[in-house]
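Okay, target.cif is below, mmCIF, C-alpha atoms and all ligand atoms:
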data_start
#
loop_
_atom_site.group_PDB
_atom_site.id
_atom_site.type_symbol
_atom_site.label_atom_id
_atom_site.label_comp_id
_atom_site.auth_asym_id
_atom_site.auth_seq_id
_atom_site.Cartn_x
_atom_site.Cartn_y
_atom_site.Cartn_z
ATOM 1 C CA MET A 1228 -16.035 8.418 2.845
ATOM 2 C CA LYS A 1229 -12.873 10.278 3.653
ATOM 3 C CA PRO A 1230 -9.304 9.154 2.975
ATOM 4 C CA ILE A 1231 -7.521 7.356 5.797
ATOM 5 C CA LYS A 1232 -5.016 9.606 7.532
ATOM 6 C CA ILE A 1233 -1.532 8.135 7.456
ATOM 7 C CA VAL A 1234 1.875 9.012 8.863
ATOM 8 C CA ALA A 1235 4.628 6.750 7.547
ATOM 9 C CA GLY A 1236 8.264 6.868 8.631
ATOM 10 C CA ASN A 1237 10.729 5.977 5.881
ATOM 11 C CA TRP A 1238 13.914 5.044 7.708
ATOM 12 C CA LYS A 1239 15.855 4.688 4.445
ATOM 13 C CA MET A 1240 19.297 3.101 4.936
ATOM 14 C CA ASN A 1241 19.683 4.177 8.557
ATOM 15 C CA ASN A 1242 20.121 2.357 11.878
ATOM 16 C CA ILE A 1243 21.569 -1.041 12.675
ATOM 17 C CA LEU A 1244 19.188 -3.592 14.187
ATOM 18 C CA SER A 1245 19.698 -2.673 17.863
ATOM 19 C CA GLU A 1246 19.147 1.018 17.076
ATOM 20 C CA GLY A 1247 16.068 0.246 14.998
ATOM 21 C CA LEU A 1248 14.580 -1.850 17.796
ATOM 22 C CA SER A 1249 15.140 0.926 20.365
ATOM 23 C CA LEU A 1250 13.709 3.610 18.111
ATOM 24 C CA PHE A 1251 10.673 1.446 17.371
ATOM 25 C CA SER A 1252 10.066 0.755 21.075
ATOM 26 C CA GLU A 1253 10.408 4.430 21.921
ATOM 27 C CA ILE A 1254 7.806 5.382 19.304
ATOM 28 C CA ASP A 1255 5.505 2.598 20.462
ATOM 29 C CA GLU A 1256 5.817 3.718 24.113
ATOM 30 C CA LEU A 1257 5.018 7.331 23.232
ATOM 31 C CA LEU A 1258 1.960 6.191 21.266
ATOM 32 C CA LYS A 1259 0.789 4.076 24.185
ATOM 33 C CA ARG A 1260 0.975 7.109 26.451
ATOM 34 C CA LYS A 1261 -0.832 9.311 23.949
ATOM 35 C CA PRO A 1262 -2.577 7.250 21.271
ATOM 36 C CA ALA A 1263 -2.894 8.511 17.717
ATOM 37 C CA LYS A 1264 -6.458 9.513 16.913
ATOM 38 C CA ASP A 1265 -7.675 7.990 13.646
ATOM 39 C CA VAL A 1266 -4.192 7.968 12.138
ATOM 40 C CA LYS A 1267 -2.600 4.897 10.603
ATOM 41 C CA VAL A 1268 1.041 4.789 11.690
ATOM 42 C CA ILE A 1269 3.494 2.897 9.488
ATOM 43 C CA ILE A 1270 7.207 2.328 9.952
ATOM 44 C CA ILE A 1271 9.243 1.456 6.899
ATOM 45 C CA PRO A 1272 12.653 0.075 7.843
ATOM 46 C CA SER A 1273 15.260 -1.884 5.907
ATOM 47 C CA PHE A 1274 14.198 -5.316 4.629
ATOM 48 C CA VAL A 1275 16.373 -7.043 7.196
ATOM 49 C CA PHE A 1276 14.395 -5.521 10.090
ATOM 50 C CA LEU A 1277 10.908 -6.362 8.781
ATOM 51 C CA ARG A 1278 10.524 -9.638 10.601
ATOM 52 C CA TYR A 1279 11.789 -8.161 13.865
ATOM 53 C CA LEU A 1280 9.361 -5.250 13.786
ATOM 54 C CA ALA A 1281 6.247 -6.858 12.316
ATOM 55 C CA GLY A 1282 3.708 -7.644 15.015
ATOM 56 C CA ARG A 1283 5.786 -5.930 17.678
ATOM 57 C CA SER A 1284 3.250 -3.162 18.214
ATOM 58 C CA GLU A 1285 -0.515 -3.121 18.215
ATOM 59 C CA VAL A 1286 -0.621 0.330 16.710
ATOM 60 C CA ILE A 1287 2.278 0.446 14.250
ATOM 61 C CA ALA A 1288 2.100 -1.319 10.886
ATOM 62 C CA ILE A 1289 5.210 -2.201 8.899
ATOM 63 C CA GLY A 1290 6.181 -1.527 5.307
ATOM 64 C CA ALA A 1291 9.114 -2.170 2.999
ATOM 65 C CA GLN A 1292 11.046 0.434 1.025
ATOM 66 C CA ASN A 1293 11.064 -1.428 -2.275
ATOM 67 C CA CYS A 1294 10.229 -4.744 -3.925
ATOM 68 C CA ALA A 1295 11.311 -6.685 -7.000
ATOM 69 C CA VAL A 1296 9.694 -6.308 -10.392
ATOM 70 C CA GLU A 1297 9.636 -10.095 -10.787
ATOM 71 C CA ALA A 1298 7.624 -12.555 -8.721
ATOM 72 C CA SER A 1299 10.468 -15.000 -7.975
ATOM 73 C CA GLY A 1300 13.459 -16.752 -9.501
ATOM 74 C CA ALA A 1301 17.094 -16.106 -10.384
ATOM 75 C CA PHE A 1302 17.371 -12.436 -9.428
ATOM 76 C CA THR A 1303 20.203 -12.402 -6.910
ATOM 77 C CA GLY A 1304 19.853 -9.706 -4.303
ATOM 78 C CA GLU A 1305 16.216 -8.918 -5.047
ATOM 79 C CA VAL A 1306 13.348 -9.201 -2.552
ATOM 80 C CA SER A 1307 9.918 -10.223 -3.826
ATOM 81 C CA ALA A 1308 6.576 -8.850 -2.745
ATOM 82 C CA ALA A 1309 5.595 -12.347 -1.564
ATOM 83 C CA MET A 1310 8.678 -12.456 0.698
ATOM 84 C CA ILE A 1311 7.808 -9.048 2.119
ATOM 85 C CA LYS A 1312 4.249 -10.151 2.792
ATOM 86 C CA SER A 1313 5.457 -13.358 4.432
ATOM 87 C CA ALA A 1314 7.689 -11.304 6.763
ATOM 88 C CA GLY A 1315 4.606 -9.510 8.108
ATOM 89 C CA ALA A 1316 4.673 -6.210 6.235
ATOM 90 C CA GLU A 1317 1.525 -4.600 4.857
ATOM 91 C CA TYR A 1318 2.861 -1.724 2.747
ATOM 92 C CA VAL A 1319 5.595 -1.137 0.164
ATOM 93 C CA ILE A 1320 7.028 2.142 -1.081
ATOM 94 C CA ALA A 1321 7.166 2.097 -4.874
ATOM 95 C CA GLY A 1322 9.100 4.662 -6.848
ATOM 96 C CA HIS A 1323 10.742 6.744 -4.175
ATOM 97 C CA SER A 1324 12.707 9.464 -5.973
ATOM 98 C CA GLU A 1325 15.967 8.051 -4.588
ATOM 99 C CA ARG A 1326 15.165 4.751 -6.341
ATOM 100 C CA ARG A 1327 14.115 6.556 -9.506
ATOM 101 C CA THR A 1328 17.335 8.607 -9.506
ATOM 102 C CA TYR A 1329 20.064 6.290 -8.167
ATOM 103 C CA PHE A 1330 18.651 2.947 -9.304
ATOM 104 C CA ASN A 1331 17.107 4.074 -12.594
ATOM 105 C CA GLU A 1332 13.592 2.965 -11.759
ATOM 106 C CA THR A 1333 11.166 3.925 -14.504
ATOM 107 C CA ASN A 1334 7.407 4.344 -14.459
ATOM 108 C CA SER A 1335 7.014 1.090 -16.405
ATOM 109 C CA MET A 1336 9.086 -0.836 -13.843
ATOM 110 C CA LEU A 1337 7.006 0.762 -11.105
ATOM 111 C CA ALA A 1338 3.790 -0.326 -12.794
ATOM 112 C CA LYS A 1339 5.093 -3.895 -12.474
ATOM 113 C CA LYS A 1340 6.157 -3.370 -8.856
ATOM 114 C CA THR A 1341 2.741 -2.022 -7.913
ATOM 115 C CA ASP A 1342 1.210 -5.085 -9.608
ATOM 116 C CA GLN A 1343 3.452 -7.371 -7.548
ATOM 117 C CA CYS A 1344 2.435 -5.581 -4.358
ATOM 118 C CA LEU A 1345 -1.267 -5.731 -5.093
ATOM 119 C CA LYS A 1346 -1.151 -9.397 -6.111
ATOM 120 C CA ASN A 1347 0.372 -10.107 -2.713
ATOM 121 C CA ASN A 1348 -2.098 -8.018 -0.790
ATOM 122 C CA LEU A 1349 0.408 -5.288 0.039
ATOM 123 C CA ALA A 1350 -0.662 -1.652 -0.331
ATOM 124 C CA PRO A 1351 1.766 0.276 -2.509
ATOM 125 C CA ILE A 1352 2.753 3.779 -1.447
ATOM 126 C CA TYR A 1353 3.417 5.134 -4.920
ATOM 127 C CA CYS A 1354 5.742 8.144 -4.869
ATOM 128 C CA ILE A 1355 5.582 10.917 -7.403
ATOM 129 C CA GLY A 1356 7.234 14.322 -7.542
ATOM 130 C CA GLU A 1357 8.994 16.790 -9.773
ATOM 131 C CA THR A 1358 12.596 17.988 -9.610
ATOM 132 C CA GLY A 1359 13.473 21.630 -9.004
ATOM 133 C CA ASN A 1360 14.352 22.072 -12.682
ATOM 134 C CA GLU A 1361 11.038 20.622 -13.792
ATOM 135 C CA ARG A 1362 9.186 23.005 -11.482
ATOM 136 C CA ASN A 1363 11.218 25.996 -12.684
ATOM 137 C CA ALA A 1364 10.371 25.024 -16.255
ATOM 138 C CA ASN A 1365 6.705 24.876 -15.222
ATOM 139 C CA LYS A 1366 6.498 21.183 -16.079
ATOM 140 C CA HIS A 1367 5.527 19.923 -12.621
ATOM 141 C CA PHE A 1368 1.901 19.186 -13.474
ATOM 142 C CA ASP A 1369 2.884 17.244 -16.598
ATOM 143 C CA VAL A 1370 5.516 15.230 -14.720
ATOM 144 C CA ILE A 1371 3.050 14.227 -12.019
ATOM 145 C CA LYS A 1372 0.374 13.293 -14.537
ATOM 146 C CA LYS A 1373 2.833 11.118 -16.476
ATOM 147 C CA GLN A 1374 4.047 9.377 -13.307
ATOM 148 C CA LEU A 1375 0.445 8.599 -12.364
ATOM 149 C CA THR A 1376 -0.597 7.542 -15.853
ATOM 150 C CA GLU A 1377 2.363 5.246 -16.482
ATOM 151 C CA GLY A 1378 2.828 3.921 -12.953
ATOM 152 C CA VAL A 1379 -0.652 3.203 -11.605
ATOM 153 C CA PHE A 1380 -3.410 4.128 -14.047
ATOM 154 C CA HIS A 1381 -3.281 0.696 -15.703
ATOM 155 C CA LEU A 1382 -5.031 -0.640 -12.579
ATOM 156 C CA ASN A 1383 -8.758 -1.166 -12.540
ATOM 157 C CA LYS A 1384 -10.910 0.863 -10.159
ATOM 158 C CA GLU A 1385 -11.167 -1.738 -7.465
ATOM 159 C CA VAL A 1386 -7.440 -2.433 -7.372
ATOM 160 C CA PHE A 1387 -6.483 1.250 -7.581
ATOM 161 C CA SER A 1388 -8.553 1.917 -4.476
ATOM 162 C CA LYS A 1389 -5.828 0.111 -2.458
ATOM 163 C CA VAL A 1390 -3.045 2.434 -3.665
ATOM 164 C CA ILE A 1391 -1.675 5.233 -1.481
ATOM 165 C CA ILE A 1392 -0.059 8.179 -3.256
ATOM 166 C CA ALA A 1393 2.854 10.151 -1.813
ATOM 167 C CA TYR A 1394 3.616 13.511 -3.399
ATOM 168 C CA GLU A 1395 7.271 14.205 -2.715
ATOM 169 C CA PRO A 1396 8.804 17.110 -4.589
ATOM 170 C CA VAL A 1397 12.393 16.006 -5.195
ATOM 171 C CA TRP A 1398 13.702 19.471 -4.339
ATOM 172 C CA ALA A 1399 12.201 19.142 -0.846
ATOM 173 C CA ILE A 1400 13.500 15.664 0.073
ATOM 174 C CA GLY A 1401 16.222 15.759 2.691
ATOM 175 C CA THR A 1402 16.991 19.385 1.861
ATOM 176 C CA GLY A 1403 15.276 21.178 4.741
ATOM 177 C CA VAL A 1404 13.291 23.126 2.111
ATOM 178 C CA THR A 1405 9.631 22.162 2.496
ATOM 179 C CA ALA A 1406 6.949 22.904 -0.049
ATOM 180 C CA SER A 1407 4.798 25.697 1.345
ATOM 181 C CA PRO A 1408 1.320 24.546 2.371
ATOM 182 C CA ALA A 1409 -0.041 26.445 -0.656
ATOM 183 C CA GLN A 1410 2.374 24.717 -3.058
ATOM 184 C CA ALA A 1411 1.673 21.308 -1.564
ATOM 185 C CA GLN A 1412 -2.105 21.820 -1.519
ATOM 186 C CA GLU A 1413 -2.045 22.953 -5.161
ATOM 187 C CA MET A 1414 -0.270 19.733 -6.181
ATOM 188 C CA HIS A 1415 -2.401 17.482 -3.995
ATOM 189 C CA ALA A 1416 -5.579 19.018 -5.443
ATOM 190 C CA PHE A 1417 -4.184 18.444 -8.936
ATOM 191 C CA ILE A 1418 -3.384 14.810 -8.086
ATOM 192 C CA ARG A 1419 -6.899 14.257 -6.736
ATOM 193 C CA LYS A 1420 -8.402 15.891 -9.821
ATOM 194 C CA THR A 1421 -6.285 13.682 -12.094
ATOM 195 C CA ILE A 1422 -7.407 10.577 -10.176
ATOM 196 C CA ASN A 1423 -10.988 11.810 -10.379
ATOM 197 C CA GLU A 1424 -10.774 12.172 -14.173
ATOM 198 C CA LYS A 1425 -9.596 8.585 -14.433
ATOM 199 C CA TYR A 1426 -11.583 6.797 -11.698
ATOM 200 C CA GLY A 1427 -14.375 9.163 -10.649
ATOM 201 C CA ASP A 1428 -15.408 10.950 -7.461
ATOM 202 C CA ALA A 1429 -15.709 8.077 -5.022
ATOM 203 C CA ILE A 1430 -12.228 6.683 -5.655
ATOM 204 C CA ALA A 1431 -10.566 10.108 -5.796
ATOM 205 C CA ASN A 1432 -12.219 11.317 -2.597
ATOM 206 C CA ASN A 1433 -11.134 8.148 -0.785
ATOM 207 C CA CYS A 1434 -7.530 8.083 -1.920
ATOM 208 C CA SER A 1435 -4.947 8.932 0.752
ATOM 209 C CA ILE A 1436 -2.456 11.408 -0.697
ATOM 210 C CA LEU A 1437 0.558 11.937 1.560
ATOM 211 C CA TYR A 1438 3.050 14.769 1.463
ATOM 212 C CA GLY A 1439 6.766 14.079 1.809
ATOM 213 C CA GLY A 1440 9.844 16.275 1.706
ATOM 214 C CA SER A 1441 11.343 17.866 4.801
ATOM 215 C CA CYS A 1442 8.079 17.477 6.682
ATOM 216 C CA ASN A 1443 8.919 17.840 10.373
ATOM 217 C CA ALA A 1444 7.448 18.404 13.827
ATOM 218 C CA GLN A 1445 7.340 22.172 13.216
ATOM 219 C CA ASN A 1446 5.663 22.299 9.809
ATOM 220 C CA ALA A 1447 3.457 19.169 9.841
ATOM 221 C CA LYS A 1448 0.465 20.904 11.418
ATOM 222 C CA GLU A 1449 0.193 23.515 8.693
ATOM 223 C CA LEU A 1450 0.683 20.950 5.930
ATOM 224 C CA PHE A 1451 -1.810 18.459 7.373
ATOM 225 C CA ALA A 1452 -4.415 21.222 7.730
ATOM 226 C CA CYS A 1453 -4.602 21.468 3.919
ATOM 227 C CA PRO A 1454 -7.810 19.887 2.604
ATOM 228 C CA ASP A 1455 -6.111 17.501 0.163
ATOM 229 C CA ILE A 1456 -3.178 16.435 2.357
ATOM 230 C CA ASP A 1457 -3.993 13.193 4.159
ATOM 231 C CA GLY A 1458 -0.743 12.715 6.016
ATOM 232 C CA GLY A 1459 2.963 12.424 5.471
ATOM 233 C CA LEU A 1460 5.816 10.229 4.328
ATOM 234 C CA ILE A 1461 8.546 11.268 6.706
ATOM 235 C CA GLY A 1462 12.261 10.671 6.229
ATOM 236 C CA GLY A 1463 14.739 12.446 8.511
ATOM 237 C CA ALA A 1464 12.211 13.369 11.205
ATOM 238 C CA SER A 1465 11.071 9.734 11.516
ATOM 239 C CA LEU A 1466 14.450 8.831 13.005
ATOM 240 C CA LYS A 1467 13.692 10.811 16.176
ATOM 241 C CA ALA A 1468 10.913 9.244 18.234
ATOM 242 C CA ALA A 1469 9.618 12.461 19.800
ATOM 243 C CA ASP A 1470 9.559 14.328 16.484
ATOM 244 C CA PHE A 1471 7.877 11.480 14.641
ATOM 245 C CA VAL A 1472 5.191 11.141 17.298
ATOM 246 C CA GLN A 1473 4.620 14.892 17.320
ATOM 247 C CA ILE A 1474 4.042 14.683 13.558
ATOM 248 C CA ILE A 1475 1.515 11.880 14.151
ATOM 249 C CA HIS A 1476 -0.329 14.174 16.554
ATOM 250 C CA SER A 1477 -0.321 17.086 14.095
ATOM 251 C CA PHE A 1478 -3.761 16.543 12.548
HETATM 252 P P1 LIG A 1501 12.737 13.763 4.278
HETATM 253 O O1 LIG A 1501 12.471 12.498 3.339
HETATM 254 O O2 LIG A 1501 11.584 13.843 5.222
HETATM 255 O O3 LIG A 1501 14.044 13.466 4.962
HETATM 256 O O4 LIG A 1501 12.825 14.950 3.372
HETATM 257 C C1 LIG A 1501 11.178 12.182 2.911
HETATM 258 C C2 LIG A 1501 11.231 10.959 2.039
HETATM 259 O O5 LIG A 1501 12.220 10.797 1.316
HETATM 260 O O6 LIG A 1501 10.313 10.109 2.064
#
Written as structure tokens, that's how I'd like the structure from this file.
Amino acid sequence: MKPIKIVAGNWKMNNILSEGLSLFSEIDELLKRKPAKDVKVIIIPSFVFLRYLAGRSEVIAIGAQNCAVEASGAFTGEVSAAMIKSAGAEYVIAGHSERRTYFNETNSMLAKKTDQCLKNNLAPIYCIGETGNERNANKHFDVIKKQLTEGVFHLNKEVFSKVIIAYEPVWAIGTGVTASPAQAQEMHAFIRKTINEKYGDAIANNCSILYGGSCNAQNAKELFACPDIDGGLIGGASLKAADFVQIIHSF
């Protein structure tokens, strides 16, 4: 078996509802005209748009950008995995570097978030990636291994097989500086090897490992041609319908 190819658009904190609806329709229209071949397309908007977008397209699945550590209760402002599921989403980003940096999310919190997702039948898109300083200090492999070990390696084989990994070097996110295909492939191969050491061949060879960080309509083709890159988690370029759809067609 091969990993499922995935292109996911992380809208972050962009668009008001009317803009989100138009962008979504535009993407859906373009995909109707030229369908994606064997690529799972996911759009990941703000929580407040989930219910509006879920079920709106036959070819676009919906995900959330975050979920609560706790299952339910007195946690004002938090959104539980069960709520996300009930709104029609199928995926949740866990541990985006912006959440790790600005909202102090730790690997141990993310282990609990991935548990919440999986209990509610949501596939976590677990994000990992090193900062520029960590790479310059040659610590990038260690950082990635620790993020995997502490965030998702507590899961048993069967449950882990539902996890999607996104490698997003922090120095490449929103900066316009993309990892070269060689740099990205090196990290993706390392991630697959690390998963293989923990869970064995079958699970590692099936795991979708996405690249994220200034991936755009120009560079997606080269990145997606790498043997261990199974798609992309796209930020900025997912806010332009034509660019996002071009990325989807880049395999
Ligand atoms: P970017 O963001 O494509 O704008 O670099 C990617 C991400 O943060 O998921």
**Item:** Separation of CA of Gly1378 (chain A) from CA of Ile1392 (chain A), in Å and rounded to one decimal
**Value:**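 Atom-to-atom, CA of Gly1378 (chain A) and CA of Ile1392 (chain A) are spaced 11.0 Å apart.
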Got a sec to resolve the PyMOL selection byres (((not hetatm)) within 8 of (chain A and resi 1501)) on this structure and send the residues as an mmCIF file with C-alpha atoms, in the coordinates of the input?
data_model
loop_
_atom_site.group_PDB
_atom_site.id
_atom_site.type_symbol
_atom_site.label_atom_id
_atom_site.label_comp_id
_atom_site.auth_asym_id
_atom_site.auth_seq_id
_atom_site.Cartn_x
_atom_site.Cartn_y
_atom_site.Cartn_z
ATOM 1 C CA GLY A 1236 8.264 6.868 8.631
ATOM 2 C CA ASN A 1237 10.729 5.977 5.881
ATOM 3 C CA LYS A 1239 15.855 4.688 4.445
ATOM 4 C CA HIS A 1323 10.742 6.744 -4.175
ATOM 5 C CA SER A 1324 12.707 9.464 -5.973
ATOM 6 C CA GLU A 1325 15.967 8.051 -4.588
ATOM 7 C CA GLU A 1395 7.271 14.205 -2.715
ATOM 8 C CA ALA A 1399 12.201 19.142 -0.846
ATOM 9 C CA ILE A 1400 13.500 15.664 0.073
ATOM 10 C CA GLY A 1401 16.222 15.759 2.691
ATOM 11 C CA THR A 1402 16.991 19.385 1.861
ATOM 12 C CA GLY A 1403 15.276 21.178 4.741
ATOM 13 C CA THR A 1405 9.631 22.162 2.496
ATOM 14 C CA GLY A 1439 6.766 14.079 1.809
ATOM 15 C CA GLY A 1440 9.844 16.275 1.706
ATOM 16 C CA SER A 1441 11.343 17.866 4.801
ATOM 17 C CA CYS A 1442 8.079 17.477 6.682
ATOM 18 C CA ASN A 1443 8.919 17.840 10.373
ATOM 19 C CA LEU A 1460 5.816 10.229 4.328
ATOM 20 C CA ILE A 1461 8.546 11.268 6.706
ATOM 21 C CA GLY A 1462 12.261 10.671 6.229
ATOM 22 C CA GLY A 1463 14.739 12.446 8.511
ATOM 23 C CA ALA A 1464 12.211 13.369 11.205
ATOM 24 C CA SER A 1465 11.071 9.734 11.516
#
**Non-local contacts of region 1361-1370 of chain A (12 Å; only C-alpha atoms; under 3 positions in same chain excluded) as a ChimeraX atom specification** = /A:1334,1355-1358,1373-1378,1394-1399,1406,1410-1411,1413-1418,1420-1421
**Request:** Write out as a ChimeraX atom specification which residues come within 8 Å of Ala1338 (chain A) when counting all atoms listed in the file, dropping same-chain ones fewer than 2 positions away.
**Result:** /A:1334-1336,1340-1342,1377-1379,1381
Translate the PyMOL selection byres (((chain A and resi 1241) around 12) and not hetatm) into a concrete residue list for this structure, as a PDB file with C-alpha atoms, in the coordinates of the input.
ATOM      1  CA  GLY A1236       8.264   6.868   8.631  1.00  0.00           C
ATOM      2  CA  ASN A1237      10.729   5.977   5.881  1.00  0.00           C
ATOM      3  CA  TRP A1238      13.914   5.044   7.708  1.00  0.00           C
ATOM      4  CA  LYS A1239      15.855   4.688   4.445  1.00  0.00           C
ATOM      5  CA  MET A1240      19.297   3.101   4.936  1.00  0.00           C
ATOM      6  CA  ASN A1242      20.121   2.357  11.878  1.00  0.00           C
ATOM      7  CA  ILE A1243      21.569  -1.041  12.675  1.00  0.00           C
ATOM      8  CA  LEU A1244      19.188  -3.592  14.187  1.00  0.00           C
ATOM      9  CA  SER A1245      19.698  -2.673  17.863  1.00  0.00           C
ATOM     10  CA  GLU A1246      19.147   1.018  17.076  1.00  0.00           C
ATOM     11  CA  GLY A1247      16.068   0.246  14.998  1.00  0.00           C
ATOM     12  CA  LEU A1250      13.709   3.610  18.111  1.00  0.00           C
ATOM     13  CA  ILE A1271       9.243   1.456   6.899  1.00  0.00           C
ATOM     14  CA  PRO A1272      12.653   0.075   7.843  1.00  0.00           C
ATOM     15  CA  SER A1273      15.260  -1.884   5.907  1.00  0.00           C
ATOM     16  CA  PHE A1274      14.198  -5.316   4.629  1.00  0.00           C
ATOM     17  CA  VAL A1275      16.373  -7.043   7.196  1.00  0.00           C
ATOM     18  CA  PHE A1276      14.395  -5.521  10.090  1.00  0.00           C
ATOM     19  CA  GLY A1462      12.261  10.671   6.229  1.00  0.00           C
ATOM     20  CA  GLY A1463      14.739  12.446   8.511  1.00  0.00           C
ATOM     21  CA  SER A1465      11.071   9.734  11.516  1.00  0.00           C
ATOM     22  CA  LEU A1466      14.450   8.831  13.005  1.00  0.00           C
ATOM     23  CA  LYS A1467      13.692  10.811  16.176  1.00  0.00           C
TER      24      LYS A1467
END
**Request:** To one decimal in Å, tell me the separation between CA of Ala1452 (chain A) and CA of Tyr1426 (chain A).
**Result:**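 These atoms are spaced 25.2 Å apart.
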**Request:** Decode the PyMOL selection byres (((chain A and resi 1258) around 12) and not hetatm) for the given file into explicit residues and return them as a list in words.
**Result:**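 Checked against the file, the PyMOL selection byres (((chain A and resi 1258) around 12) and not hetatm) matches Phe1251, Ser1252, Glu1253, Ile1254, Asp1255, Glu1256, Leu1257, Lys1259, Arg1260, Lys1261, Pro1262, Ala1263, Lys1264, Val1266, Lys1267, Val1268, Ser1284, Glu1285, Val1286, Ile1287, Ala1468, Ala1469, Phe1471, Val1472, Gln1473, Ile1474, Ile1475 and His1476 of chain A.
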**Prompt:** Smallest atom-to-atom distance to Val1390 (chain A): which of A:Met1228, A:Ala1350, A:Val1319, A:Ala1409, using only C-alpha atoms?
**Reply:**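 For Val1390 (chain A), the nearest of the given residues is A:Ala1350.
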**Nearest to Ala1291 (chain A), chosen from A:Tyr1353, A:Phe1330, A:Tyr1318, A:Tyr1438, with only C-alpha atoms counted in the distances** =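 Between A:Tyr1353, A:Phe1330, A:Tyr1318, A:Tyr1438, the residue approaching Ala1291 (chain A) most closely is A:Tyr1318.
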**Fill in**
CA of Asn1348 (chain A) sits from CA of Ala1308 (chain A) at a separation of 8.9 Å
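When only C-alpha atoms are used to compute distances to Tyr1279 (chain A), the closest of the residues A:Ser1299, A:Asn1432, A:Ser1249, A:Thr1333 turns out to be A:Ser1249.
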**Item:** For Phe1380 (chain A), the nearest of the candidates A:Val1404, A:Ala1235, A:Ile1436, A:Ile1422, counting all atoms listed in the file
**Value:** A:Ile1422
**Request:** Would you please work out which residue, of A:Gly1300, A:Gly1315, A:Gly1290, A:Gly1427, is nearest to Ile1352 (chain A) when using all atoms listed in the file?
**Result:**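 Closest to Ile1352 (chain A), using all atoms listed in the file: A:Gly1290.
Residue nearest Cys1434 (chain A), chosen from A:Ile1311, A:Leu1277, A:Ile1320, A:Ile1231 and counting only C-alpha atoms: A:Ile1231.
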**Residues near Pro1408 (chain A), cut-off 7 Å, all atoms listed in the file, skip fewer than 3 positions along chain, as number ranges by chain** = A: 1411-1412, 1449-1450, 1453
**Prompt:** Which residues, written as a PyMOL selection string, have at least one atom at most 9 Å from region 1343-1345 of chain A, with all atoms listed in the file counted and residues fewer than 6 positions away on the same chain left out?
**Reply:** chain A and resi 1294-1298+1307-1309+1312+1318-1319+1351+1386+1389-1390
Hey, can you spit out that residue selection with C-alpha atoms as a compact mmCIF listing (two decimals), keeping the file's coordinate frame?
# COMPACT_ATOMS: atom_id res chain seq x y z
CA CYS A 1294 10.23 -4.74 -3.92
CA ALA A 1295 11.31 -6.68 -7.00
CA VAL A 1296 9.69 -6.31 -10.39
CA GLU A 1297 9.64 -10.10 -10.79
CA ALA A 1298 7.62 -12.56 -8.72
CA SER A 1307 9.92 -10.22 -3.83
CA ALA A 1308 6.58 -8.85 -2.74
CA ALA A 1309 5.60 -12.35 -1.56
CA LYS A 1312 4.25 -10.15 2.79
CA TYR A 1318 2.86 -1.72 2.75
CA VAL A 1319 5.60 -1.14 0.16
CA PRO A 1351 1.77 0.28 -2.51
CA VAL A 1386 -7.44 -2.43 -7.37
CA LYS A 1389 -5.83 0.11 -2.46
CA VAL A 1390 -3.04 2.43 -3.66
Would you give the centre and edge lengths, in Å to one decimal, of a box along x, y and z around the listed atoms of region 1469-1474 of chain A, with 4 Å added to each side, as JSON?
{"center_x": 6.8, "center_y": 13.0, "center_z": 16.7, "size_x": 13.6, "size_y": 11.8, "size_z": 14.2}
Complete the atoms of region 1235-1242 of chain A to N, CA, C and O atoms and put them out as a short mmCIF file (atom, residue, chain, number, x, y, z; two decimals), keeping the file's coordinate frame.
data_model
loop_
_atom_site.label_atom_id
_atom_site.label_comp_id
_atom_site.auth_asym_id
_atom_site.auth_seq_id
_atom_site.Cartn_x
_atom_site.Cartn_y
_atom_site.Cartn_z
N ALA A 1235 3.70 7.85 7.78
CA ALA A 1235 4.63 6.75 7.55
C ALA A 1235 6.06 7.25 7.69
O ALA A 1235 6.41 8.30 7.16
N GLY A 1236 6.86 6.49 8.43
CA GLY A 1236 8.26 6.87 8.63
C GLY A 1236 9.15 6.02 7.73
O GLY A 1236 9.20 4.80 7.89
N ASN A 1237 9.81 6.67 6.80
CA ASN A 1237 10.73 5.98 5.88
C ASN A 1237 12.14 6.10 6.47
O ASN A 1237 12.75 7.15 6.39
N TRP A 1238 12.60 5.00 7.04
CA TRP A 1238 13.91 5.04 7.71
C TRP A 1238 15.09 5.03 6.73
O TRP A 1238 16.22 5.22 7.12
N LYS A 1239 14.79 4.75 5.47
CA LYS A 1239 15.86 4.69 4.44
C LYS A 1239 16.97 3.74 4.90
O LYS A 1239 16.69 2.77 5.61
N MET A 1240 18.23 4.03 4.55
CA MET A 1240 19.30 3.10 4.94
C MET A 1240 19.97 3.61 6.22
O MET A 1240 21.16 3.95 6.22
N ASN A 1241 19.17 3.69 7.28
CA ASN A 1241 19.68 4.18 8.56
C ASN A 1241 19.42 3.16 9.65
O ASN A 1241 18.49 2.37 9.56
N ASN A 1242 20.24 3.19 10.67
CA ASN A 1242 20.12 2.36 11.88
C ASN A 1242 20.62 0.92 11.64
O ASN A 1242 20.32 0.32 10.62
#
